[in-house]
Structures are given as structure tokens and as C-alpha cells.
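This is coords32.cif. It holds mmCIF, C-alpha atoms.
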```
data_target
loop_
_atom_site.label_atom_id
_atom_site.label_comp_id
_atom_site.auth_asym_id
_atom_site.auth_seq_id
_atom_site.Cartn_x
_atom_site.Cartn_y
_atom_site.Cartn_z
CA MET A 1 20.12 15.82 -20.40
CA THR A 2 21.53 15.99 -16.91
CA VAL A 3 19.83 19.33 -16.41
CA VAL A 4 16.41 17.82 -17.11
CA PHE A 5 17.03 15.01 -14.68
CA ASP A 6 18.34 17.39 -12.01
CA CYS A 7 15.23 19.51 -12.35
CA ALA A 8 13.02 16.43 -12.06
CA VAL A 9 14.80 15.31 -8.89
CA TRP A 10 14.55 18.78 -7.34
CA PHE A 11 10.90 19.04 -8.28
CA ALA A 12 10.07 15.67 -6.77
CA SER A 13 11.99 16.50 -3.57
CA LEU A 14 10.07 19.76 -3.32
CA CYS A 15 6.79 17.88 -3.77
CA PHE A 16 7.64 15.42 -1.02
CA VAL A 17 8.69 18.15 1.40
CA LEU A 18 5.47 20.07 0.73
CA ALA A 19 3.51 16.85 1.22
CA MET A 20 5.30 16.34 4.54
CA LEU A 21 4.28 19.87 5.53
CA CYS A 22 0.64 19.14 4.67
CA ALA A 23 0.73 15.98 6.74
CA LEU A 24 2.37 17.88 9.60
CA LEU A 25 -0.37 20.52 9.53
CA ARG A 26 -3.00 17.80 9.69
CA LEU A 27 -1.05 16.17 12.51
CA PHE A 28 -1.24 19.33 14.60
CA ARG A 29 -4.74 20.32 13.59
CA GLY A 30 -6.49 16.94 13.32
CA PRO A 31 -9.63 17.01 15.41
CA SER A 32 -9.60 13.35 16.38
CA ALA A 33 -6.92 10.85 17.35
CA GLN A 34 -7.39 8.74 14.21
CA ASP A 35 -6.76 11.83 12.09
CA ARG A 36 -3.42 12.30 13.80
CA ILE A 37 -2.42 8.67 13.30
CA LEU A 38 -3.33 8.86 9.61
CA ALA A 39 -1.28 12.05 9.29
CA LEU A 40 1.70 10.41 11.00
CA ASP A 41 1.42 7.45 8.62
CA THR A 42 1.41 9.76 5.59
CA PHE A 43 4.25 11.77 7.10
CA TYR A 44 6.63 8.86 7.42
CA ILE A 45 5.83 7.54 3.94
CA ASN A 46 6.62 10.98 2.49
CA GLY A 47 9.78 11.20 4.55
CA MET A 48 10.84 7.79 3.26
CA LEU A 49 10.26 8.91 -0.32
CA SER A 50 12.30 12.08 0.14
CA LEU A 51 15.13 9.99 1.60
CA LEU A 52 15.01 7.89 -1.55
CA MET A 53 15.35 11.10 -3.58
CA LEU A 54 18.53 11.86 -1.62
CA GLY A 55 19.66 8.35 -2.47
CA ILE A 56 19.07 8.93 -6.18
CA ARG A 57 20.98 12.20 -6.05
CA SER A 58 24.03 10.78 -4.31
CA THR A 59 23.83 7.21 -5.72
CA SER A 60 24.70 5.57 -2.42
CA THR A 61 22.90 2.61 -0.90
CA VAL A 62 22.95 3.93 2.67
CA TYR A 63 19.74 5.86 2.02
CA PHE A 64 18.09 2.68 0.82
CA GLU A 65 18.68 0.98 4.15
CA MET A 66 17.44 4.05 6.00
CA ALA A 67 14.27 4.08 3.90
CA LEU A 68 13.69 0.40 4.59
CA LEU A 69 14.12 0.94 8.34
CA ILE A 70 11.72 3.90 8.30
CA ALA A 71 9.15 1.80 6.44
CA LEU A 72 9.50 -1.06 8.94
CA PHE A 73 9.31 1.03 12.11
CA GLY A 74 6.60 3.29 10.72
CA PHE A 75 4.39 0.32 9.94
CA VAL A 76 4.85 -1.18 13.39
CA SER A 77 4.17 2.12 15.16
CA SER A 78 1.06 2.90 13.10
CA VAL A 79 -0.35 -0.56 13.74
CA ALA A 80 0.39 -0.26 17.44
CA LEU A 81 -1.32 3.15 17.64
CA ALA A 82 -4.36 1.97 15.69
CA LYS A 83 -4.61 -1.11 17.87
CA PHE A 84 -4.43 1.10 20.93
CA LEU A 85 -7.37 3.14 19.66
CA LEU A 86 -9.31 -0.04 18.95
CA ARG A 87 -8.78 -1.80 22.27
CA GLY A 88 -7.17 0.53 24.75
CA GLU A 89 -4.09 -1.67 24.88
CA VAL A 90 -1.52 -2.79 22.33
CA ILE A 91 -0.82 -6.40 23.28
CA GLU A 92 -3.80 -8.16 24.69
CA PRO A 93 -3.21 -10.38 27.69
CA MET B 1 -7.76 -29.52 7.43
CA ARG B 2 -4.17 -30.66 7.14
CA PRO B 3 -2.25 -31.56 10.31
CA VAL B 4 -0.16 -28.76 11.74
CA GLY B 5 3.24 -28.06 10.24
CA ARG B 6 3.65 -31.14 8.10
CA ARG B 7 4.41 -29.46 4.80
CA LEU B 8 6.41 -26.29 4.23
CA PRO B 9 4.76 -23.68 2.00
CA PRO B 10 7.08 -23.58 -1.04
CA LEU B 11 6.28 -20.02 -2.11
CA LEU B 12 7.09 -18.66 1.33
CA VAL B 13 10.45 -20.46 1.43
CA LEU B 14 11.36 -19.23 -2.06
CA GLY B 15 10.28 -15.68 -1.26
CA LEU B 16 12.32 -15.59 1.93
CA VAL B 17 15.47 -16.87 0.16
CA VAL B 18 15.08 -14.25 -2.58
CA MET B 19 14.52 -11.54 0.01
CA TRP B 20 17.62 -12.55 1.96
CA LEU B 21 19.77 -12.46 -1.18
CA LEU B 22 18.34 -9.08 -2.22
CA LEU B 23 19.00 -7.60 1.22
CA ASN B 24 22.58 -8.83 1.15
CA GLN B 25 23.16 -7.91 -2.49
CA SER B 26 25.23 -11.04 -3.14
CA LEU B 27 25.01 -14.48 -4.68
CA ALA B 28 27.86 -16.00 -2.66
CA PRO B 29 27.35 -19.70 -1.82
CA GLY B 30 27.59 -18.98 1.90
CA GLN B 31 24.79 -16.45 1.72
CA ILE B 32 22.63 -18.85 -0.30
CA VAL B 33 23.09 -21.62 2.29
CA LEU B 34 22.37 -19.22 5.15
CA GLY B 35 19.33 -17.89 3.35
CA ILE B 36 17.93 -21.37 2.74
CA LEU B 37 18.50 -22.33 6.39
CA LEU B 38 16.76 -19.16 7.62
CA ALA B 39 13.90 -19.52 5.15
CA VAL B 40 13.19 -23.15 6.08
CA GLY B 41 13.36 -22.38 9.79
CA LEU B 42 11.15 -19.32 9.58
CA SER B 43 8.53 -20.92 7.37
CA TRP B 44 8.42 -23.94 9.65
CA ALA B 45 7.78 -21.58 12.56
CA ALA B 46 5.14 -19.71 10.56
CA ALA B 47 3.44 -22.96 9.52
CA THR B 48 3.05 -24.06 13.12
CA LEU B 49 1.61 -20.65 14.01
CA ARG B 50 -0.91 -20.71 11.18
CA PRO B 51 -2.25 -24.15 10.29
CA LEU B 52 -4.53 -23.05 7.45
CA GLN B 53 -2.54 -23.04 4.23
CA PRO B 54 -3.69 -21.46 0.99
CA ARG B 55 -3.81 -23.45 -2.21
CA VAL B 56 -3.58 -21.61 -5.51
CA ARG B 57 -5.55 -23.51 -8.14
CA ASN B 58 -5.44 -21.24 -11.10
CA ALA B 59 -2.20 -19.38 -11.76
CA GLY B 60 -3.37 -17.86 -15.08
CA THR B 61 -6.34 -16.20 -13.42
CA ALA B 62 -4.05 -14.91 -10.68
CA ILE B 63 -1.77 -13.17 -13.19
CA LYS B 64 -4.76 -11.68 -14.99
CA LEU B 65 -6.16 -10.48 -11.67
CA ILE B 66 -2.86 -8.78 -10.78
CA LEU B 67 -2.87 -6.93 -14.11
CA VAL B 68 -6.48 -5.83 -13.63
CA VAL B 69 -5.69 -4.57 -10.12
CA LEU B 70 -2.64 -2.61 -11.33
CA ARG B 71 -4.73 -0.98 -14.07
CA ASP B 72 -7.46 -0.10 -11.55
CA ILE B 73 -4.92 1.38 -9.13
CA VAL B 74 -3.53 3.68 -11.82
CA ARG B 75 -6.98 4.67 -13.03
CA SER B 76 -8.43 5.38 -9.59
CA ASN B 77 -5.30 7.34 -8.61
CA PHE B 78 -6.12 9.86 -11.28
CA ALA B 79 -9.83 9.81 -10.39
CA VAL B 80 -9.05 10.62 -6.74
CA ALA B 81 -6.57 13.32 -7.81
CA ARG B 82 -9.31 15.00 -9.84
CA ILE B 83 -11.67 14.93 -6.86
CA VAL B 84 -9.06 16.35 -4.47
CA LEU B 85 -8.16 19.18 -6.83
CA GLY B 86 -11.84 20.02 -7.29
CA LEU B 87 -11.88 19.36 -11.02
CA VAL B 88 -15.21 17.53 -10.85
CA ARG B 89 -17.62 20.44 -11.19
CA ASP B 90 -20.57 19.06 -13.11
CA ARG B 91 -21.93 17.07 -10.16
CA GLU B 92 -21.59 16.86 -6.42
CA VAL B 93 -19.12 14.27 -5.16
CA ARG B 94 -20.72 12.29 -2.38
CA ALA B 95 -18.79 9.94 -0.10
CA GLY B 96 -20.52 7.17 1.77
CA PHE B 97 -20.68 3.61 2.97
CA LEU B 98 -21.61 0.77 0.66
CA GLU B 99 -22.76 -2.73 1.58
CA ILE B 100 -22.00 -5.63 -0.71
CA PRO B 101 -23.33 -9.19 -0.35
CA LEU B 102 -20.53 -11.72 -0.75
CA ASP B 103 -20.50 -15.26 -2.14
CA MET B 104 -16.91 -16.03 -1.20
CA ARG B 105 -16.19 -17.88 2.06
CA ASP B 106 -12.50 -18.80 1.75
CA PRO B 107 -10.48 -16.79 4.31
CA HIS B 108 -7.47 -16.34 2.02
CA GLY B 109 -9.69 -15.06 -0.76
CA LEU B 110 -11.31 -12.63 1.68
CA ALA B 111 -7.89 -11.45 2.84
CA TRP B 112 -6.82 -10.80 -0.75
CA LEU B 113 -10.10 -9.04 -1.49
CA SER B 114 -9.61 -6.72 1.48
CA THR B 115 -6.03 -5.93 0.43
CA ILE B 116 -7.06 -5.22 -3.16
CA ILE B 117 -9.96 -2.99 -2.14
CA THR B 118 -7.94 -1.03 0.38
CA SER B 119 -4.95 -0.47 -1.86
CA THR B 120 -7.04 1.04 -4.64
CA PRO B 121 -7.48 4.72 -3.77
CA GLY B 122 -11.12 5.67 -3.46
CA THR B 123 -12.29 2.55 -1.68
CA VAL B 124 -11.47 1.39 1.85
CA TRP B 125 -12.58 -1.83 3.49
CA VAL B 126 -14.43 -1.08 6.72
CA ASP B 127 -16.00 -4.20 8.11
CA LEU B 128 -17.12 -7.74 7.42
CA SER B 129 -20.24 -9.11 9.08
CA PRO B 130 -19.51 -11.89 11.61
CA ASP B 131 -20.83 -14.65 9.32
CA SER B 132 -18.77 -13.15 6.45
CA THR B 133 -21.73 -12.66 4.14
CA ARG B 134 -21.81 -8.90 3.85
CA LEU B 135 -18.93 -6.48 3.61
CA THR B 136 -18.99 -2.75 4.23
CA LEU B 137 -16.86 -0.37 2.20
CA HIS B 138 -16.30 3.34 2.31
CA VAL B 139 -16.27 4.87 -1.15
CA LEU B 140 -15.07 8.39 -1.88
CA ASP B 141 -17.11 8.89 -5.04
CA LEU B 142 -20.41 7.08 -4.53
CA MET B 143 -22.00 8.09 -7.80
CA ASP B 144 -23.39 4.76 -8.95
CA GLU B 145 -23.75 2.12 -6.25
CA GLU B 146 -24.85 -0.61 -8.64
CA ALA B 147 -21.78 -0.03 -10.82
CA TRP B 148 -19.43 -0.30 -7.82
CA ILE B 149 -21.03 -3.53 -6.65
CA ARG B 150 -20.94 -5.02 -10.14
CA HIS B 151 -17.31 -3.97 -10.62
CA ILE B 152 -16.12 -5.53 -7.37
CA LYS B 153 -18.10 -8.72 -7.86
CA THR B 154 -17.07 -9.41 -11.45
CA HIS B 155 -13.51 -8.07 -11.46
CA TYR B 156 -12.28 -9.09 -8.02
CA GLU B 157 -14.54 -11.60 -6.28
CA GLN B 158 -15.14 -14.07 -9.10
CA PRO B 159 -11.45 -14.42 -10.07
CA LEU B 160 -10.54 -14.85 -6.40
CA MET B 161 -13.18 -17.57 -6.05
CA ARG B 162 -11.75 -19.32 -9.11
CA ILE B 163 -8.24 -19.07 -7.63
CA PHE B 164 -8.86 -20.18 -4.06
CA GLU B 165 -12.04 -22.27 -3.93
CA MET C 1 27.41 13.68 -8.87
CA THR C 2 28.17 11.06 -11.47
CA GLU C 3 25.40 11.83 -13.88
CA ALA C 4 27.63 13.03 -16.69
CA GLU C 5 27.41 9.65 -18.39
CA LEU C 6 23.70 9.15 -17.74
CA PRO C 7 22.22 7.74 -20.98
CA LEU C 8 19.13 9.17 -22.65
CA TRP C 9 17.05 6.00 -22.40
CA ALA C 10 17.29 6.18 -18.62
CA THR C 11 16.90 9.91 -18.15
CA ILE C 12 13.57 10.56 -19.84
CA PRO C 13 11.45 7.80 -18.23
CA ALA C 14 13.06 8.38 -14.85
CA ALA C 15 12.36 12.12 -14.97
CA VAL C 16 8.76 11.57 -16.07
CA LEU C 17 8.21 8.96 -13.35
CA LEU C 18 9.73 11.19 -10.67
CA VAL C 19 7.56 14.18 -11.61
CA THR C 20 4.39 12.04 -11.74
CA GLY C 21 5.15 10.35 -8.43
CA GLY C 22 5.95 13.61 -6.71
CA LEU C 23 2.81 15.31 -7.97
CA LEU C 24 0.58 12.36 -7.02
CA THR C 25 2.02 12.20 -3.51
CA LEU C 26 1.62 15.95 -3.08
CA ILE C 27 -2.00 15.82 -4.26
CA GLY C 28 -2.62 12.96 -1.84
CA SER C 29 -1.32 14.98 1.09
CA ILE C 30 -3.26 18.08 -0.01
CA GLY C 31 -6.34 15.88 0.00
CA LEU C 32 -5.50 14.83 3.53
CA LEU C 33 -5.54 18.50 4.43
CA ARG C 34 -8.53 19.61 2.36
CA LEU C 35 -11.28 17.01 2.61
CA LYS C 36 -14.02 17.48 5.17
CA ASP C 37 -14.49 14.34 7.28
CA PHE C 38 -12.21 11.58 8.48
CA TYR C 39 -13.60 8.81 6.31
CA SER C 40 -13.01 10.84 3.15
CA ARG C 41 -9.54 11.75 4.36
CA MET C 42 -8.65 8.06 4.46
CA HIS C 43 -8.59 7.88 0.65
CA PRO C 44 -6.05 10.40 -0.73
CA PRO C 45 -2.92 9.24 1.18
CA THR C 46 -3.37 5.82 -0.43
CA MET C 47 -2.35 7.49 -3.71
CA GLY C 48 1.08 8.38 -2.38
CA MET C 49 1.49 4.93 -0.91
CA THR C 50 0.66 3.01 -4.07
CA LEU C 51 1.38 4.85 -7.30
CA GLY C 52 3.57 7.58 -5.77
CA SER C 53 6.06 5.24 -4.14
CA GLY C 54 5.79 2.86 -7.11
CA CYS C 55 6.86 5.60 -9.55
CA VAL C 56 9.74 6.74 -7.36
CA LEU C 57 11.02 3.23 -6.80
CA ILE C 58 10.92 2.32 -10.51
CA ALA C 59 12.75 5.56 -11.31
CA SER C 60 15.37 4.84 -8.67
CA MET C 61 15.82 1.32 -10.06
CA ILE C 62 16.31 2.69 -13.58
CA ILE C 63 18.85 5.26 -12.43
CA SER C 64 20.96 2.99 -10.29
CA THR C 65 20.93 0.33 -13.01
CA ALA C 66 22.07 2.88 -15.59
CA ILE C 67 24.85 4.26 -13.40
CA LEU C 68 26.21 1.03 -11.94
CA HIS C 69 25.82 -0.91 -15.24
CA LYS C 70 24.26 -3.91 -13.57
CA PRO C 71 20.63 -4.54 -12.70
CA VAL C 72 19.81 -3.13 -9.25
CA ILE C 73 16.48 -4.42 -8.03
CA HIS C 74 16.68 -4.18 -4.27
CA GLU C 75 14.34 -1.19 -4.32
CA LEU C 76 11.66 -3.76 -5.11
CA LEU C 77 11.82 -4.80 -1.47
CA ILE C 78 10.63 -1.39 -0.27
CA THR C 79 7.81 -1.28 -2.82
CA LEU C 80 6.72 -4.75 -1.85
CA PHE C 81 6.86 -3.88 1.83
CA VAL C 82 4.92 -0.64 1.48
CA VAL C 83 2.32 -2.25 -0.77
CA ILE C 84 1.81 -5.15 1.64
CA THR C 85 1.71 -3.11 4.84
CA SER C 86 -0.22 0.05 3.97
CA PRO C 87 -3.59 -1.74 3.51
CA VAL C 88 -3.13 -3.36 6.92
CA THR C 89 -2.64 0.01 8.58
CA ALA C 90 -5.56 1.52 6.68
CA MET C 91 -7.91 -1.30 7.62
CA LEU C 92 -6.97 -1.22 11.30
CA LEU C 93 -7.34 2.55 11.40
CA MET C 94 -10.71 2.37 9.67
CA ARG C 95 -11.96 -0.21 12.17
CA ALA C 96 -10.68 1.89 15.06
CA ALA C 97 -12.45 4.97 13.70
CA ALA C 98 -15.73 3.10 13.15
CA TYR C 99 -15.50 1.63 16.65
CA ARG C 100 -14.84 5.01 18.24
CA ASP C 101 -17.70 6.64 16.35
CA ARG C 102 -20.08 3.90 17.43
CA ALA C 103 -18.92 4.15 21.04
CA ARG C 104 -19.38 7.92 21.02
CA SER C 105 -22.87 7.76 19.55
CA GLN C 106 -23.94 5.25 22.17
CA ARG C 107 -22.78 7.45 25.00
#
```

Conversion result in C-alpha cells:
Amino acid sequence: MTVVFDCAVWFASLCFVLAMLCALLRLFRGPSAQDRILALDTFYINGMLSLLMLGIRSTSTVYFEMALLIALFGFVSSVALAKFLLRGEVIEP
Amino acid sequence: MRPVGRRLPPLLVLGLVVMWLLLNQSLAPGQIVLGILLAVGLSWAAATLRPLQPRVRNAGTAIKLILVVLRDIVRSNFAVARIVLGLVRDREVRAGFLEIPLDMRDPHGLAWLSTIITSTPGTVWVDLSPDSTRLTLHVLDLMDEEAWIRHIKTHYEQPLMRIFE
Amino acid sequence: MTEAELPLWATIPAAVLLVTGGLLTLIGSIGLLRLKDFYSRMHPPTMGMTLGSGCVLIASMIISTAILHKPVIHELLITLFVVITSPVTAMLLMRAAAYRDRARSQR
């Protein structure tokens, strides 16, 4: 049974890495600034998920904390970038 | 409107305590005391920042609404996957904006509606008119506008009105 | 790895959930790459953020519960956080895009 589970974990990791590559391509290619922000958002979510796969493989909780930190900082940075596009400044006076 | 910061929102306090204990992975009495102190302090600060407090009137409807939203998320995930992979061949998939007249005025209900609509793949909330009577959505598969409007009004808006108003 | 004693009841659902979540997230990112205009591209990444991360987090909860022999539910925090925050980002981004398009068409 372990073989099945190993295959599933490898497959999912592969999927997430490929998804990160897609997001990276869009990040470099994206014609407009909002495309790039959307790609960055997708990129960090996929990176967080692949970190969680590492956590499942090694059964340690360090990866969990890393994933939580990536989620927190990614959210703040995406909101700041989107707000910058909307207003031209992040924190309004 | 209630005076500022007189009553602590109980759900927020409970949620913060549970979150603190989950983050620390322990049920030690010291952690519980610390968590309660932090939760009360933080929700007091939040209550002074935001004087308008929601009131949930109908918990049964809320649970039913959550189940409906989960089912819709799963269903529309597979619908969007089919569109992305190009499996919809019998007709042309057309994306576009959709305007829906709203009957709901409660700000918390509107906030929940926007979260629900945005977190289902295939629909994204774009804008609300300044007098909050019309909302604009972007829909990936705009096959039947009437069906979309009916779905959102009966499945999301009416339960939310029963919960919050 | 300590998966030698992984029981059957945990392995099958976890493997199925992982494969589904991975595929959905991948399809979402392919959609981000394939679709034609920005507003359509907003939709597919939501798949990875809702059902994709949900599947992975449930699978990870099942596995760590089965290995450590006590319920491990702190992955719920990440799910909750992602589910609460991703609509906020999407809405802000959508408003920014609509605003920029309007500003460009006026110029």
C-alpha cells in the first residue's frame, strides 16, 4: 500500500511544480500588471501546496509553519500590490 | 446602532482562543489563560475599530447555506476544469459581465455574498453600485443569464437575508 | 519514511485526494496560461485555491492523524486562512483591473 501512496505523493508534487512553472511563464509573459500579480498569487499558493507535500513525505511540522508563513506574507503582498494598482499608493494618507 | 465597544463579539473571542491553541498544539492551562487574555484584548481592539456588529438570527439556515456553497464549489470546479481543457465542444463558451439587481442591504450579508461568489470558480465579484442596488459579476461561462441570476438570488441572497436581516 | 505501518483506511482516501487536488491545481494554472483575456484568467486559479488546497489539506490531516495516532487538525488553520483571504485578493485585483481599463479607455 505504501507504494500507492508514494506514487500519489510524487504525482501531486509533480503537478504542483508544473503548476508553478505555468504561473511563472504567465508572470514573465503577462501583458499587463494585473496579470503578473495574479500569476504571483497563484505561484505562491502552488509553492505553499508543494511545501505541504514535503511535509507529508517527511511527517515533520516544520513545513506546516513554513506554509502558514508563506500564506500570510503572500496574502499581504498581493493585497499591497493590488492596492497599489488601484490607487497608486499602498497606505493612503 | 449600538455604542462603540460595549459588548465583545463572542464568536470572535472563541475563534481566537481556538486558533491560539491550535497554533501552539497544546491544551496546557497556561496556554489557555494566555489565549483567553489575547482573545479578549484583540476582540476589544477590533470592536472599537469596527462598531457595526453582525447578528446571526438563523443558525439552521447558515449551516444549510454552507453546505450548498461547498456543493457549488465542487461542482463549478469541475465545470471550469472542463472549460479550461477544451472539453466543451458543442457550443462556444462566452465570458462576460452580468448585472444583478439586489434586494439585500445589510453590509455583512453583502460581504458574505461577495466572498461566496468570488470563492466559487467561474464567477468573480467585480463591483457594487454606490447605492448597493446592483452588483456586477464576471462569469466565465455566460450561457444562460437568467439561470445565473435566479441561482444567485434563490440559493445565496435569500438565505443571507434570512440570516442577517 | 515511517509509512510502513500506514493503515489501509488512511492510504486510499489520502491518495485519491492528493491526485485530485494536484490535477485540479495543475488545470487551474494551465487555464491561467491558456485563456485569452485577463478577466477570464481570473477564474481558473480559484480552483487551486479552493478545492485544490482543500483536498491536499484533508489528505495531510488524514496522514498525520494515522501516523501520530492522535487527531492532528492544525492544517485546518491554513485552509481557513486561504479560503478567507483568496476572495479578498481576487476582488481587489478585479477592481484594480476594471479601474485601469476604464482609465485607459478614457485617455

Once you count all atoms listed in the file, which residues end up no further than 8 Å from (-8.7, 7.6, 18.9) in the file's frame, shown as a ChimeraX atom specification? /A:32-34,82,85-86 /C:96-97,100

Report as number ranges by chain all protein, DNA and RNA residues lying within 12 Å of A:Phe73, evaluated on all atoms listed in the file, omitting residues in the same chain fewer than 4 positions from it. A: 41, 44-45, 48, 66-69, 77-80; C: 81-82, 85

Could you tell me which residues the PyMOL selection byres ((chain B) within 8 of (chain C)) grabs in this file, written as number ranges by chain? B: 19, 22-23, 25, 73-74, 77, 80-81, 84-85, 95, 115, 118-127, 138, 140

Given the file shown, enumerate the residues that the PyMOL selection byres ((chain A) within 8 of (chain C)) captures and present them as number ranges by chain. A: 1-2, 4-5, 8-9, 11-13, 15-16, 18-20, 22-23, 25-26, 34-35, 38-39, 42, 45-46, 49, 52, 56-59, 64, 67-68, 71, 75, 78-79, 82-83, 85-86

Report, in Å with one decimal, the straight-line distance from atom CA of B:Arg162 to atom CA of B:Asn58. 6.9 Å

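The shortest atom-to-atom distance to chain B, with all atoms listed in the file taken into account, belongs to A:Thr61 out of A:Leu21, A:Pro31, A:Trp10, A:Thr61.
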
By how many Å are atom CA of B:Val68 and atom CA of B:Glu146 apart? 19.7 Å

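Minimum atom-to-atom distances from B:Leu70, B:Leu142, B:Ala39, B:Met104 to B:Ile83 were compared using all atoms listed in the file, and the lowest value belongs to B:Leu142.
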
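Comparing A:Arg87, A:Glu65, A:Phe28, A:Ile70 by their smallest distance to chain B, the closest is A:Glu65 (using all atoms listed in the file).
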
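Residue neighbourhood of B:Pro54, excluding near-sequence residues (fewer than 4 positions): B:Pro9, B:Pro107, B:His108, B:Gly109, B:Phe164, at 9 Å, using all atoms listed in the file.
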
Tell me, in Å to one decimal, how far atom CA of B:Pro159 is from atom CA of B:Pro130. 23.3 Å

Just add all heavy atoms to stretch 61-70 of chain B and send it as a PDB file, in the frame of the given file.
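Result file part04.pdb:
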```
ATOM      1  N   THR B  61      -5.394 -17.184 -13.931  1.00  0.00           N
ATOM      2  CA  THR B  61      -6.340 -16.200 -13.420  1.00  0.00           C
ATOM      3  C   THR B  61      -5.672 -15.251 -12.454  1.00  0.00           C
ATOM      4  O   THR B  61      -5.988 -14.060 -12.430  1.00  0.00           O
ATOM      5  CB  THR B  61      -7.494 -16.919 -12.698  1.00  0.00           C
ATOM      6  OG1 THR B  61      -7.843 -18.070 -13.455  1.00  0.00           O
ATOM      7  CG2 THR B  61      -8.685 -16.034 -12.580  1.00  0.00           C
ATOM      8  N   ALA B  62      -4.724 -15.773 -11.649  1.00  0.00           N
ATOM      9  CA  ALA B  62      -4.050 -14.910 -10.680  1.00  0.00           C
ATOM     10  C   ALA B  62      -3.265 -13.821 -11.390  1.00  0.00           C
ATOM     11  O   ALA B  62      -3.313 -12.650 -10.995  1.00  0.00           O
ATOM     12  CB  ALA B  62      -3.118 -15.752  -9.799  1.00  0.00           C
ATOM     13  N   ILE B  63      -2.554 -14.184 -12.465  1.00  0.00           N
ATOM     14  CA  ILE B  63      -1.770 -13.170 -13.190  1.00  0.00           C
ATOM     15  C   ILE B  63      -2.684 -12.137 -13.819  1.00  0.00           C
ATOM     16  O   ILE B  63      -2.441 -10.932 -13.754  1.00  0.00           O
ATOM     17  CB  ILE B  63      -0.890 -13.863 -14.244  1.00  0.00           C
ATOM     18  CG1 ILE B  63       0.189 -14.684 -13.543  1.00  0.00           C
ATOM     19  CG2 ILE B  63      -0.243 -12.837 -15.154  1.00  0.00           C
ATOM     20  CD1 ILE B  63       0.932 -15.593 -14.456  1.00  0.00           C
ATOM     21  N   LYS B  64      -3.812 -12.619 -14.390  1.00  0.00           N
ATOM     22  CA  LYS B  64      -4.760 -11.680 -14.990  1.00  0.00           C
ATOM     23  C   LYS B  64      -5.327 -10.736 -13.937  1.00  0.00           C
ATOM     24  O   LYS B  64      -5.466  -9.534 -14.166  1.00  0.00           O
ATOM     25  CB  LYS B  64      -5.874 -12.453 -15.685  1.00  0.00           C
ATOM     26  CG  LYS B  64      -6.392 -11.758 -16.926  1.00  0.00           C
ATOM     27  CD  LYS B  64      -7.641 -12.418 -17.458  1.00  0.00           C
ATOM     28  CE  LYS B  64      -7.399 -13.768 -18.081  1.00  0.00           C
ATOM     29  NZ  LYS B  64      -8.656 -14.468 -18.389  1.00  0.00           N
ATOM     30  N   LEU B  65      -5.612 -11.300 -12.740  1.00  0.00           N
ATOM     31  CA  LEU B  65      -6.160 -10.480 -11.670  1.00  0.00           C
ATOM     32  C   LEU B  65      -5.165  -9.402 -11.254  1.00  0.00           C
ATOM     33  O   LEU B  65      -5.533  -8.240 -11.031  1.00  0.00           O
ATOM     34  CB  LEU B  65      -6.514 -11.355 -10.470  1.00  0.00           C
ATOM     35  CG  LEU B  65      -7.045 -10.616  -9.251  1.00  0.00           C
ATOM     36  CD1 LEU B  65      -8.390 -10.005  -9.567  1.00  0.00           C
ATOM     37  CD2 LEU B  65      -7.167 -11.527  -8.067  1.00  0.00           C
ATOM     38  N   ILE B  66      -3.876  -9.763 -11.175  1.00  0.00           N
ATOM     39  CA  ILE B  66      -2.860  -8.780 -10.780  1.00  0.00           C
ATOM     40  C   ILE B  66      -2.820  -7.633 -11.800  1.00  0.00           C
ATOM     41  O   ILE B  66      -2.770  -6.451 -11.433  1.00  0.00           O
ATOM     42  CB  ILE B  66      -1.483  -9.459 -10.670  1.00  0.00           C
ATOM     43  CG1 ILE B  66      -1.469 -10.383  -9.456  1.00  0.00           C
ATOM     44  CG2 ILE B  66      -0.373  -8.427 -10.530  1.00  0.00           C
ATOM     45  CD1 ILE B  66      -0.224 -11.189  -9.342  1.00  0.00           C
ATOM     46  N   LEU B  67      -2.895  -7.978 -13.088  1.00  0.00           N
ATOM     47  CA  LEU B  67      -2.870  -6.930 -14.110  1.00  0.00           C
ATOM     48  C   LEU B  67      -4.089  -6.013 -13.994  1.00  0.00           C
ATOM     49  O   LEU B  67      -3.968  -4.788 -14.079  1.00  0.00           O
ATOM     50  CB  LEU B  67      -2.799  -7.556 -15.505  1.00  0.00           C
ATOM     51  CG  LEU B  67      -1.463  -8.239 -15.811  1.00  0.00           C
ATOM     52  CD1 LEU B  67      -1.479  -8.842 -17.195  1.00  0.00           C
ATOM     53  CD2 LEU B  67      -0.321  -7.253 -15.685  1.00  0.00           C
ATOM     54  N   VAL B  68      -5.264  -6.643 -13.768  1.00  0.00           N
ATOM     55  CA  VAL B  68      -6.480  -5.830 -13.630  1.00  0.00           C
ATOM     56  C   VAL B  68      -6.355  -4.880 -12.447  1.00  0.00           C
ATOM     57  O   VAL B  68      -6.705  -3.691 -12.530  1.00  0.00           O
ATOM     58  CB  VAL B  68      -7.712  -6.745 -13.474  1.00  0.00           C
ATOM     59  CG1 VAL B  68      -8.914  -5.954 -13.011  1.00  0.00           C
ATOM     60  CG2 VAL B  68      -8.023  -7.429 -14.776  1.00  0.00           C
ATOM     61  N   VAL B  69      -5.799  -5.404 -11.318  1.00  0.00           N
ATOM     62  CA  VAL B  69      -5.690  -4.570 -10.120  1.00  0.00           C
ATOM     63  C   VAL B  69      -4.719  -3.419 -10.360  1.00  0.00           C
ATOM     64  O   VAL B  69      -4.989  -2.273  -9.971  1.00  0.00           O
ATOM     65  CB  VAL B  69      -5.254  -5.431  -8.924  1.00  0.00           C
ATOM     66  CG1 VAL B  69      -4.878  -4.560  -7.760  1.00  0.00           C
ATOM     67  CG2 VAL B  69      -6.365  -6.352  -8.517  1.00  0.00           C
ATOM     68  N   LEU B  70      -3.596  -3.689 -11.048  1.00  0.00           N
ATOM     69  CA  LEU B  70      -2.640  -2.610 -11.330  1.00  0.00           C
ATOM     70  C   LEU B  70      -3.305  -1.525 -12.187  1.00  0.00           C
ATOM     71  O   LEU B  70      -3.166  -0.333 -11.912  1.00  0.00           O
ATOM     72  CB  LEU B  70      -1.421  -3.162 -12.055  1.00  0.00           C
ATOM     73  CG  LEU B  70      -0.426  -3.901 -11.174  1.00  0.00           C
ATOM     74  CD1 LEU B  70       0.732  -4.403 -12.000  1.00  0.00           C
ATOM     75  CD2 LEU B  70       0.078  -2.984 -10.080  1.00  0.00           C
TER      76      LEU B  70
END
```
